[in-house]
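Novice: Hey, dropping data04.cif in here, mmCIF, C-alpha atoms and all ligand atoms:
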data_final
#
loop_
_atom_site.label_atom_id
_atom_site.label_comp_id
_atom_site.auth_asym_id
_atom_site.auth_seq_id
_atom_site.Cartn_x
_atom_site.Cartn_y
_atom_site.Cartn_z
CA MET A 1 16.53 28.89 19.57
CA CYS A 2 16.80 25.84 21.74
CA HIS A 3 17.03 22.57 19.91
CA PRO A 4 14.32 19.94 20.43
CA HIS A 5 16.72 17.31 21.66
CA GLU A 6 18.45 19.74 24.04
CA ASP A 7 18.28 18.35 27.53
CA ARG A 8 21.34 18.71 29.68
CA TRP A 9 20.22 17.76 33.13
CA HIS A 10 22.69 15.01 33.75
CA THR A 11 25.71 15.95 35.78
CA THR A 12 27.78 13.41 33.96
CA SER A 13 31.06 12.26 35.34
CA CYS A 14 33.93 13.92 33.60
CA SER A 15 36.53 11.38 34.52
CA ARG A 16 37.33 11.20 30.84
CA TRP A 17 38.60 14.73 31.00
CA TYR A 18 40.62 16.99 33.19
CA THR A 19 43.10 19.72 32.67
CA TRP A 20 45.62 21.38 34.88
CA CYS A 21 46.56 24.94 35.58
CA PRO A 22 49.33 26.13 33.25
CA LEU A 23 51.13 27.93 36.04
CA ALA A 24 52.73 30.24 33.50
CA HIS A 25 49.78 32.59 33.87
CA ASN A 26 50.06 32.45 37.65
CA ALA A 27 46.43 31.64 38.07
CA PRO A 28 45.88 30.01 41.43
CA SER A 29 45.36 26.36 40.98
CA VAL A 30 43.15 24.23 43.14
CA SER A 31 43.58 20.65 44.04
CA LEU A 32 40.32 18.94 43.15
CA GLY A 33 41.64 15.80 44.66
CA HIS A 34 38.74 13.50 45.33
CA ALA A 35 35.84 15.64 44.21
CA PRO A 36 33.78 14.37 41.28
CA PRO A 37 32.86 15.15 38.56
CA PHE A 38 36.38 16.33 37.94
CA SER A 39 38.33 13.31 39.12
CA PRO A 40 41.76 13.21 37.47
CA GLY A 41 41.56 10.89 34.55
CA THR A 42 44.03 10.53 31.76
CA GLN A 43 44.12 12.84 28.81
CA ARG A 44 45.05 11.58 25.41
CA GLY A 45 48.81 11.14 25.37
CA MET A 46 49.04 11.25 29.17
CA THR A 47 49.99 8.10 30.98
CA SER A 48 48.16 7.25 34.20
CA ASN A 49 51.36 7.78 36.15
CA ALA A 50 51.65 11.40 35.03
CA PRO A 51 52.64 13.71 37.91
CA LYS A 52 49.66 14.72 40.04
CA ARG A 53 49.00 18.26 38.87
CA ARG A 54 47.02 20.83 40.77
CA VAL A 55 44.09 21.70 38.56
CA ALA A 56 42.18 24.86 37.74
CA VAL A 57 38.79 24.27 36.17
CA THR A 58 37.05 27.35 34.81
CA LEU A 59 33.29 27.75 34.89
CA THR A 60 33.25 27.65 31.11
CA GLN A 61 35.18 24.36 31.02
CA TYR A 62 32.85 22.99 33.71
CA LEU A 63 29.75 23.92 31.70
CA MET A 64 31.07 22.57 28.41
CA SER A 65 32.24 19.31 29.95
CA THR A 66 29.13 18.56 32.02
CA GLN A 67 26.68 18.96 29.16
CA PRO A 68 25.53 15.57 27.88
CA ALA A 69 26.85 14.12 24.64
CA GLY A 70 24.95 15.48 21.66
CA SER A 71 23.90 18.64 23.51
CA LYS A 72 23.92 21.83 21.48
CA GLY A 73 25.09 23.80 24.49
CA ASP A 74 22.06 26.08 24.85
CA PHE A 75 22.12 25.91 28.66
CA SER A 76 25.89 26.44 28.69
CA LEU A 77 25.48 29.56 26.56
CA LEU A 78 22.74 30.80 28.92
CA MET A 79 25.03 30.25 31.90
CA MET A 80 27.86 32.07 30.14
CA ALA A 81 25.54 35.06 29.69
CA ILE A 82 24.78 34.93 33.43
CA GLN A 83 28.53 34.67 34.12
CA THR A 84 29.15 37.82 32.07
CA ALA A 85 26.32 39.72 33.78
CA VAL A 86 27.78 38.73 37.18
CA LYS A 87 31.19 40.04 36.15
CA VAL A 88 29.62 43.36 35.07
CA VAL A 89 27.77 43.65 38.39
CA GLU A 90 30.94 42.74 40.31
CA LYS A 91 32.94 45.41 38.49
CA ASN A 92 30.31 48.09 39.23
CA ILE A 93 30.10 47.13 42.91
CA ARG A 94 33.88 47.28 43.37
CA ARG A 95 33.98 50.74 41.74
CA ALA A 96 30.76 52.15 43.21
CA GLY A 97 32.59 54.37 45.69
CA MET A 98 34.79 55.93 43.00
CA HIS A 99 31.95 56.38 40.50
CA GLY A 100 29.38 57.88 42.85
CA ASN A 101 27.13 54.83 42.55
CA PHE A 102 26.33 54.45 46.23
CA GLY A 103 22.91 55.42 47.48
CA TYR A 104 19.52 55.49 45.89
CA VAL A 105 18.00 56.51 42.61
CA GLY A 106 16.77 60.12 42.52
CA ASP A 107 13.49 60.74 44.28
CA HIS A 108 13.56 57.54 46.36
CA ALA A 109 12.15 55.56 43.42
CA GLN A 110 10.82 52.17 44.46
CA ASN A 111 10.90 48.87 42.62
CA ALA A 112 7.99 46.55 41.94
CA THR A 113 8.04 45.19 45.48
CA GLY A 114 8.19 48.55 47.22
CA ASP A 115 11.91 48.43 48.02
CA GLU A 116 13.79 51.70 47.46
CA GLN A 117 15.88 51.34 44.28
CA ALA A 118 19.63 51.70 44.76
CA LYS A 119 21.63 53.01 41.80
CA LEU A 120 23.36 49.63 41.62
CA ASP A 121 19.98 47.85 41.51
CA VAL A 122 19.27 49.58 38.20
CA ILE A 123 22.77 48.98 36.80
CA SER A 124 22.63 45.29 37.80
CA ASN A 125 19.14 44.80 36.39
CA GLU A 126 20.15 46.28 33.03
CA ALA A 127 23.27 44.08 32.95
CA PHE A 128 21.25 40.91 33.52
CA LYS A 129 18.49 41.83 31.07
CA SER A 130 20.83 42.78 28.23
CA HIS A 131 23.18 39.80 28.53
CA LEU A 132 20.31 37.35 28.94
CA ALA A 133 18.45 38.73 25.91
CA SER A 134 21.59 38.69 23.75
CA SER A 135 22.25 35.05 24.69
CA GLU A 136 19.26 34.16 22.45
CA LYS A 137 18.40 31.37 24.92
CA VAL A 138 15.71 33.16 26.93
CA PHE A 139 11.94 33.07 26.38
CA ILE A 140 10.69 35.11 29.38
CA MET A 141 12.52 37.00 32.16
CA GLY A 142 11.21 37.97 35.58
CA SER A 143 13.17 40.41 37.74
CA GLU A 144 12.69 41.89 41.20
CA GLU A 145 13.24 45.24 39.50
CA GLU A 146 10.51 44.73 36.88
CA GLU A 147 6.78 45.13 37.52
CA THR A 148 5.89 42.35 35.06
CA GLY A 149 7.47 39.56 33.03
CA VAL A 150 9.65 40.58 30.07
CA ALA A 151 9.28 38.46 26.90
CA VAL A 152 12.06 38.02 24.34
CA ASN A 153 10.37 38.08 20.94
CA GLY A 154 11.46 37.28 17.41
CA PRO A 155 14.43 35.18 16.27
CA ARG A 156 16.38 35.89 19.48
CA ARG A 157 13.82 34.00 21.61
CA GLY A 158 15.09 30.87 23.38
CA CYS A 159 13.30 28.27 25.50
CA TYR A 160 14.53 29.08 29.02
CA ILE A 161 12.53 31.04 31.58
CA ILE A 162 14.61 32.87 34.16
CA CYS A 163 13.63 34.77 37.31
CA PHE A 164 16.33 36.77 39.01
CA ASP A 165 17.11 39.26 41.72
CA PRO A 166 19.96 41.17 40.06
CA LEU A 167 21.23 42.66 43.30
CA ASP A 168 19.84 41.26 46.53
CA GLY A 169 20.63 43.06 49.76
CA SER A 170 21.58 46.28 47.98
CA SER A 171 20.71 48.36 51.06
CA ASN A 172 23.93 46.94 52.55
CA ILE A 173 26.25 48.08 49.76
CA ASP A 174 27.17 51.50 51.14
CA ALA A 175 28.52 49.74 54.25
CA ASN A 176 30.53 47.27 52.12
CA VAL A 177 28.48 44.31 53.35
CA SER A 178 28.32 41.26 51.07
CA VAL A 179 25.46 41.33 48.55
CA GLY A 180 24.43 38.96 45.79
CA SER A 181 22.54 38.05 42.61
CA ILE A 182 20.08 35.12 42.65
CA TRP A 183 18.48 33.27 39.72
CA GLY A 184 16.20 30.34 38.96
CA ILE A 185 15.93 28.72 35.53
CA TRP A 186 13.00 26.78 34.05
CA ARG A 187 12.85 25.23 30.56
CA VAL A 188 9.90 24.95 28.19
CA ASP A 189 9.57 22.77 25.13
CA PRO A 190 11.32 24.59 22.23
CA ALA A 191 8.27 24.17 19.97
CA THR A 192 6.07 25.77 22.67
CA ALA A 193 8.46 28.68 23.02
CA ARG A 194 8.66 29.12 19.24
CA ALA A 195 4.88 29.08 18.78
CA ALA A 196 3.96 31.24 21.78
CA LYS A 197 2.45 34.64 21.03
CA VAL A 198 3.14 36.76 24.12
CA GLU A 199 1.18 39.90 23.37
CA SER A 200 0.91 41.52 26.79
CA ASP A 201 2.86 42.02 29.99
CA ALA A 202 0.15 40.06 31.78
CA GLU A 203 0.72 37.07 29.48
CA ALA A 204 4.49 37.30 30.02
CA THR A 205 3.97 37.40 33.79
CA LYS A 206 1.60 34.43 33.76
CA LEU A 207 4.25 32.31 32.00
CA LEU A 208 6.63 32.95 34.93
CA LEU A 209 4.30 31.55 37.60
CA ARG A 210 5.91 28.13 38.02
CA PRO A 211 6.61 26.02 41.12
CA GLY A 212 10.21 25.57 42.22
CA ASN A 213 9.85 21.79 41.82
CA THR A 214 10.05 22.36 38.04
CA LEU A 215 13.29 24.34 38.21
CA VAL A 216 16.07 22.89 36.03
CA SER A 217 18.81 25.01 37.57
CA ALA A 218 19.42 27.73 40.15
CA GLY A 219 22.38 29.72 41.34
CA TYR A 220 23.69 32.81 43.04
CA ALA A 221 26.68 35.09 42.91
CA MET A 222 28.00 36.53 46.16
CA TYR A 223 29.97 39.80 46.00
CA GLY A 224 31.96 39.56 49.24
CA SER A 225 35.63 39.51 50.19
CA ALA A 226 35.82 37.18 47.19
CA THR A 227 33.25 36.84 44.41
CA ASN A 228 31.63 33.40 44.39
CA LEU A 229 29.28 31.84 41.86
CA VAL A 230 27.35 28.80 43.09
CA LEU A 231 25.10 26.69 40.87
CA SER A 232 23.19 23.44 40.64
CA THR A 233 21.41 21.63 37.84
CA GLY A 234 19.85 19.22 40.34
CA HIS A 235 21.00 15.61 40.82
CA ASN A 236 21.92 16.31 44.47
CA ARG A 237 24.94 18.33 43.34
CA VAL A 238 25.99 21.94 44.00
CA ASP A 239 29.33 23.38 42.84
CA GLY A 240 30.97 26.69 43.76
CA PHE A 241 33.40 28.89 41.86
CA THR A 242 35.55 31.86 42.84
CA LEU A 243 36.40 34.75 40.53
CA ASP A 244 40.11 35.14 39.87
CA ALA A 245 40.00 38.79 38.79
CA SER A 246 43.60 38.61 37.57
CA ILE A 247 42.50 36.35 34.70
CA GLY A 248 38.76 37.19 34.66
CA GLU A 249 37.75 33.57 35.17
CA PHE A 250 35.55 31.80 37.71
CA LEU A 251 37.55 28.79 38.99
CA LEU A 252 36.05 25.70 40.64
CA THR A 253 36.92 26.06 44.33
CA HIS A 254 33.97 24.41 46.13
CA PRO A 255 33.15 21.16 44.33
CA ASN A 256 30.17 19.22 45.65
CA MET A 257 29.02 21.61 48.39
CA ARG A 258 27.11 19.92 51.25
CA VAL A 259 25.17 21.60 54.08
CA GLY A 260 27.35 21.66 57.21
CA LYS A 261 26.58 20.58 60.79
CA LYS A 262 27.45 23.63 62.91
CA LYS A 263 24.97 24.99 65.49
CA ILE A 264 24.22 28.43 64.04
CA TYR A 265 20.90 30.25 63.75
CA SER A 266 20.38 33.16 61.41
CA VAL A 267 17.32 35.40 61.90
CA ASN A 268 16.61 39.10 62.49
CA GLU A 269 16.00 39.06 66.24
CA GLY A 270 14.87 42.68 65.98
CA ASN A 271 11.52 41.28 64.81
CA GLN A 272 11.05 39.11 67.92
CA SER A 273 8.03 41.08 69.15
CA LEU A 274 6.31 40.24 65.84
CA TRP A 275 7.05 36.50 65.86
CA HIS A 276 4.40 33.84 66.23
CA PRO A 277 4.79 32.18 69.67
CA TRP A 278 5.92 28.83 68.25
CA PHE A 279 8.86 30.49 66.45
CA ASP A 280 9.78 32.53 69.53
CA GLN A 281 9.79 29.34 71.61
CA TYR A 282 11.93 27.61 68.97
CA VAL A 283 14.56 30.38 68.90
CA THR A 284 14.59 30.55 72.72
CA SER A 285 15.30 26.80 72.83
CA LEU A 286 18.40 27.31 70.66
CA LYS A 287 19.87 29.70 73.23
CA GLN A 288 19.38 27.41 76.19
CA GLY A 289 21.38 24.43 77.43
CA PRO A 290 25.08 23.83 77.90
CA LYS A 291 25.93 24.49 74.25
CA PRO A 292 23.78 27.39 72.99
CA TYR A 293 23.78 28.11 69.25
CA SER A 294 25.72 31.03 67.76
CA LEU A 295 23.74 33.83 66.12
CA ARG A 296 24.99 34.97 62.73
CA TYR A 297 22.79 37.38 60.72
CA ILE A 298 24.16 39.52 57.88
CA GLY A 299 20.83 40.75 56.54
CA SER A 300 21.78 39.83 52.98
CA MET A 301 20.10 36.57 51.94
CA VAL A 302 22.88 35.37 49.63
CA ALA A 303 25.53 35.83 52.34
CA ASP A 304 23.38 34.21 55.05
CA VAL A 305 22.42 31.25 52.84
CA HIS A 306 25.98 30.78 51.53
CA ARG A 307 27.22 30.52 55.13
CA THR A 308 24.33 28.20 56.05
CA ILE A 309 25.25 25.83 53.20
CA LEU A 310 28.96 25.88 54.01
CA TYR A 311 28.72 25.78 57.83
CA GLY A 312 25.23 24.44 58.57
CA GLY A 313 22.54 25.57 61.00
CA VAL A 314 19.29 27.33 60.08
CA PHE A 315 18.39 30.53 58.20
CA ALA A 316 14.90 31.88 58.78
CA TYR A 317 12.78 34.74 57.54
CA PRO A 318 9.45 33.79 59.13
CA ASP A 319 5.96 35.10 58.55
CA ASP A 320 4.96 37.28 61.50
CA THR A 321 2.19 39.58 62.67
CA LYS A 322 3.47 42.36 60.39
CA SER A 323 4.74 40.41 57.33
CA LYS A 324 1.96 37.85 57.15
CA GLU A 325 3.50 36.12 54.07
CA GLY A 326 7.08 36.69 55.21
CA LYS A 327 9.42 39.09 53.37
CA LEU A 328 11.38 37.03 50.85
CA ARG A 329 10.06 36.70 47.29
CA TYR A 330 9.29 33.23 45.99
CA LEU A 331 10.39 33.15 42.35
CA TYR A 332 13.79 34.85 42.61
CA GLU A 333 14.83 34.40 46.24
CA ALA A 334 13.12 31.52 48.08
CA ALA A 335 12.70 28.97 45.27
CA PRO A 336 16.24 29.22 43.82
CA MET A 337 17.80 29.08 47.29
CA ALA A 338 15.58 26.13 48.25
CA PHE A 339 16.68 24.30 45.08
CA LEU A 340 20.33 24.84 46.01
CA VAL A 341 19.94 23.92 49.69
CA GLU A 342 18.04 20.72 48.85
CA ASN A 343 20.66 19.71 46.25
CA ALA A 344 23.36 20.35 48.86
CA GLY A 345 21.64 17.86 51.20
CA GLY A 346 19.58 20.34 53.24
CA VAL A 347 15.87 21.13 53.66
CA ALA A 348 13.87 24.26 52.77
CA VAL A 349 10.29 24.79 53.99
CA THR A 350 7.68 27.50 54.43
CA GLY A 351 6.51 25.88 57.69
CA ALA A 352 3.36 24.66 55.93
CA GLY A 353 5.30 22.57 53.41
CA ARG A 354 8.27 22.31 51.04
CA ILE A 355 9.22 25.65 49.48
CA LEU A 356 9.70 24.06 46.05
CA ASP A 357 6.11 22.75 46.06
CA VAL A 358 4.55 26.23 46.32
CA VAL A 359 2.69 27.23 43.12
CA PRO A 360 3.02 31.03 42.87
CA THR A 361 0.04 33.16 41.81
CA LYS A 362 1.90 36.50 41.70
CA LEU A 363 5.29 37.44 40.23
CA HIS A 364 6.48 39.11 43.45
CA GLN A 365 4.75 36.72 45.84
CA ARG A 366 6.37 36.40 49.25
CA VAL A 367 6.72 33.24 51.34
CA PRO A 368 8.09 32.35 54.77
CA VAL A 369 11.57 30.80 54.50
CA PHE A 370 13.16 28.27 56.85
CA LEU A 371 16.19 26.47 55.39
CA GLY A 372 19.24 24.61 56.62
CA SER A 373 20.35 21.18 57.71
CA LYS A 374 17.85 18.34 57.91
CA GLU A 375 18.29 18.14 61.70
CA GLU A 376 17.73 21.84 62.32
CA ILE A 377 14.65 22.11 60.13
CA ALA A 378 13.15 18.97 61.70
CA LYS A 379 13.56 20.61 65.12
CA LEU A 380 11.98 23.88 63.89
CA GLN A 381 9.09 22.03 62.24
CA SER A 382 8.39 20.10 65.47
CA PHE A 383 7.79 23.39 67.32
CA ARG A 384 5.38 24.61 64.60
CA ASP A 385 3.53 21.30 64.31
CA LYS A 386 3.17 21.01 68.10
CA ALA A 387 1.72 24.53 68.26
CA LEU A 388 -0.77 23.80 65.48
CA THR A 389 -1.92 20.48 66.93
CA SER A 390 -2.37 22.03 70.38
CA LYS A 391 -4.76 24.55 68.78
CA LEU A 392 -6.91 21.80 67.24
P1 LIG B 1 15.65 42.46 57.19
C1 LIG B 1 17.57 42.22 51.60
O1 LIG B 1 16.82 43.42 51.56
C2 LIG B 1 16.60 41.09 51.80
O2 LIG B 1 15.67 41.05 50.76
C3 LIG B 1 17.36 39.77 51.91
O3 LIG B 1 18.53 39.76 51.18
C4 LIG B 1 17.62 39.64 53.39
O4 LIG B 1 17.68 38.29 53.82
C5 LIG B 1 16.41 40.34 54.02
O5 LIG B 1 15.93 41.27 53.04
C6 LIG B 1 16.80 41.09 55.27
O6 LIG B 1 15.62 41.68 55.77
O7 LIG B 1 14.20 42.79 57.46
O8 LIG B 1 16.21 41.49 58.20
O9 LIG B 1 16.53 43.65 56.99
#
Give the structure from the file, written as structure tokens.
Specialist:
Amino acid sequence: MCHPHEDRWHTTSCSRWYTWCPLAHNAPSVSLGHAPPFSPGTQRGMTSNAPKRRVAVTLTQYLMSTQPAGSKGDFSLLMMAIQTAVKVVEKNIRRAGMHGNFGYVGDHAQNATGDEQAKLDVISNEAFKSHLASSEKVFIMGSEEEETGVAVNGPRRGCYIICFDPLDGSSNIDANVSVGSIWGIWRVDPATARAAKVESDAEATKLLLRPGNTLVSAGYAMYGSATNLVLSTGHNRVDGFTLDASIGEFLLTHPNMRVGKKKIYSVNEGNQSLWHPWFDQYVTSLKQGPKPYSLRYIGSMVADVHRTILYGGVFAYPDDTKSKEGKLRYLYEAAPMAFLVENAGGVAVTGAGRILDVVPTKLHQRVPVFLGSKEEIAKLQSFRDKALTSKL
């Protein structure tokens, strides 16, 4: 169970601590150089003029060293369970071709949101559910692959609420296109979690319906040419890790990620005939002028958002005349990604307001998503606002 005083949401500086990569195991080392929180300090017995070592910080070291003094490590243990689930998913994706795990489940089974279930969707969902439950830090889980909320009962119940998409973009897997896992984490008072009697699926689901502005952490894993794990616990900080499969560890490779400034737009232009006029006019404006934007669209949200954070620009999945609420699901796609983009210095809106301020009424609720750099979203919003005011 979570401990009453557990509250780890301070990304504390870790200047008091750093380690370096013992090259003996040939793990690639990374130079963290300037990036906090891991600024080279001095370890006991090391003088300040010790040779500048290249460092390799594992995700586990990062979690243990950024939890506040006195913390019992409940969040760290939850994140380690997520880390393990991600490694299981990664292993199954890399071997899918050899193990006949491409394609869809049997008779075109669909998940709770009407998407056809790929074999790897089921494998990934089971990996997340089992590792999260065995962490003993989870109260309620919500998954894209589950119709309702799933409560952890008895002594294994924790005080964290987690919504996740275990394998987003799975329709792309057979073509070896990058896919991902996405999660958002909320925390309830340990006494509340302990005392709660969750006696129906409906009650479990209701407990998941929380706005993104109460998230305490969010993250994603991207299974691409490399496997990345990106997370934030708020405080305007996002850090990225890369899996070194040779040692089975996620190493800190992208400290302090910030949304870039490149002129890129990312949207499925195949839906143009369905777009609201204001959005069509906005996209057209990006293609005009002496320096038109580049179009980059992978069709896998994690890959498109990861690129948008690293390079900049705008990612959009708008509401349109067919998908009146948009396509992307709030609790395990839009809200976690909005949390990350905002903490990386970007902006994430539905058009009508901030994504994180939406209060969901359904577990699989969809919302329009426009996210990216402050400048790009301000430009997009001006087209929408102008269209709305001209209608008044
Ligand atoms: P479309 C994948 O199915 C997904 O949910 C997101 O990962 C992705 O951004 C979106 O759908 C792509 O949708 O309609 O462009 O294929």
Novice: Could you give me, as a PDB file with C-alpha atoms, keeping the file's coordinate frame, every polymer residue with an atom at most 7 Å away from an atom of ligand LIG 1 (chain B), counting only C-alpha atoms and all ligand atoms?
Specialist:
ATOM      1  CA  ASP A 168      19.840  41.260  46.530  1.00  0.00           C
ATOM      2  CA  GLY A 169      20.630  43.060  49.760  1.00  0.00           C
ATOM      3  CA  SER A 170      21.580  46.280  47.980  1.00  0.00           C
ATOM      4  CA  SER A 171      20.710  48.360  51.060  1.00  0.00           C
ATOM      5  CA  ASN A 268      16.610  39.100  62.490  1.00  0.00           C
ATOM      6  CA  GLY A 299      20.830  40.750  56.540  1.00  0.00           C
ATOM      7  CA  SER A 300      21.780  39.830  52.980  1.00  0.00           C
ATOM      8  CA  MET A 301      20.100  36.570  51.940  1.00  0.00           C
ATOM      9  CA  VAL A 302      22.880  35.370  49.630  1.00  0.00           C
ATOM     10  CA  LYS A 327       9.420  39.090  53.370  1.00  0.00           C
ATOM     11  CA  LEU A 328      11.380  37.030  50.850  1.00  0.00           C
TER      12      LEU A 328
END
Novice: Ranking A:Leu331, A:Gln381, A:Gln288, A:Leu215 by minimum distance to A:Gly353 and counting only C-alpha atoms, which one comes first?
Specialist: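 The closest residue to A:Gly353 is A:Gln381.
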Novice: Please list as number ranges by chain every residue within 12 Å of A:Leu356, counting only C-alpha atoms and excluding residues in the same chain fewer than 4 positions away.
Specialist: A: 184, 210-216, 218, 330-331, 333-343, 347-350, 352, 360, 367, 369, 371
Novice: Take the residues from that selection and write them out as a PDB file, in the coordinates of the input, keeping C-alpha atoms.
Specialist:
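again_7.pdb written:
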ATOM      1  CA  GLY A 184      16.200  30.340  38.960  1.00  0.00           C
ATOM      2  CA  ARG A 210       5.910  28.130  38.020  1.00  0.00           C
ATOM      3  CA  PRO A 211       6.610  26.020  41.120  1.00  0.00           C
ATOM      4  CA  GLY A 212      10.210  25.570  42.220  1.00  0.00           C
ATOM      5  CA  ASN A 213       9.850  21.790  41.820  1.00  0.00           C
ATOM      6  CA  THR A 214      10.050  22.360  38.040  1.00  0.00           C
ATOM      7  CA  LEU A 215      13.290  24.340  38.210  1.00  0.00           C
ATOM      8  CA  VAL A 216      16.070  22.890  36.030  1.00  0.00           C
ATOM      9  CA  ALA A 218      19.420  27.730  40.150  1.00  0.00           C
ATOM     10  CA  TYR A 330       9.290  33.230  45.990  1.00  0.00           C
ATOM     11  CA  LEU A 331      10.390  33.150  42.350  1.00  0.00           C
ATOM     12  CA  GLU A 333      14.830  34.400  46.240  1.00  0.00           C
ATOM     13  CA  ALA A 334      13.120  31.520  48.080  1.00  0.00           C
ATOM     14  CA  ALA A 335      12.700  28.970  45.270  1.00  0.00           C
ATOM     15  CA  PRO A 336      16.240  29.220  43.820  1.00  0.00           C
ATOM     16  CA  MET A 337      17.800  29.080  47.290  1.00  0.00           C
ATOM     17  CA  ALA A 338      15.580  26.130  48.250  1.00  0.00           C
ATOM     18  CA  PHE A 339      16.680  24.300  45.080  1.00  0.00           C
ATOM     19  CA  LEU A 340      20.330  24.840  46.010  1.00  0.00           C
ATOM     20  CA  VAL A 341      19.940  23.920  49.690  1.00  0.00           C
ATOM     21  CA  GLU A 342      18.040  20.720  48.850  1.00  0.00           C
ATOM     22  CA  ASN A 343      20.660  19.710  46.250  1.00  0.00           C
ATOM     23  CA  VAL A 347      15.870  21.130  53.660  1.00  0.00           C
ATOM     24  CA  ALA A 348      13.870  24.260  52.770  1.00  0.00           C
ATOM     25  CA  VAL A 349      10.290  24.790  53.990  1.00  0.00           C
ATOM     26  CA  THR A 350       7.680  27.500  54.430  1.00  0.00           C
ATOM     27  CA  ALA A 352       3.360  24.660  55.930  1.00  0.00           C
ATOM     28  CA  PRO A 360       3.020  31.030  42.870  1.00  0.00           C
ATOM     29  CA  VAL A 367       6.720  33.240  51.340  1.00  0.00           C
ATOM     30  CA  VAL A 369      11.570  30.800  54.500  1.00  0.00           C
ATOM     31  CA  LEU A 371      16.190  26.470  55.390  1.00  0.00           C
TER      32      LEU A 371
END
Novice: Residues near A:Val122, anyone? I mean within 9 Å using only C-alpha atoms, not counting same-chain ones fewer than 6 positions away, as a VMD selection string.
Specialist: chain A and resid 105 145 166 to 167
Novice: Could you check how far atom CA of A:Ala151 sits from atom CA of A:Phe139, in Å to one decimal?
Specialist: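 One can read the atom CA of A:Ala151 to atom CA of A:Phe139 distance as 6.0 Å.
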Novice: Which distance in Å separates atom CA of A:Pro318 and atom CA of A:Arg384, to one decimal?
Specialist: 11.4 Å
Novice: Could you give me, as a PyMOL selection string, the residues that have an atom at most 9 Å away from the point (21.3, 45.5, 37.2) in the coordinates of the file, using all atoms listed in the file?
Specialist: chain A and resi 85+88-89+119-129+145+165-167
Novice: So, with all atoms listed in the file as the atoms that count, which of A:His254, A:Ala378, A:Gly100, A:Lys137 lies closest to A:Lys72?
Specialist: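 So, comparing all the options, the nearest one is A:Lys137.
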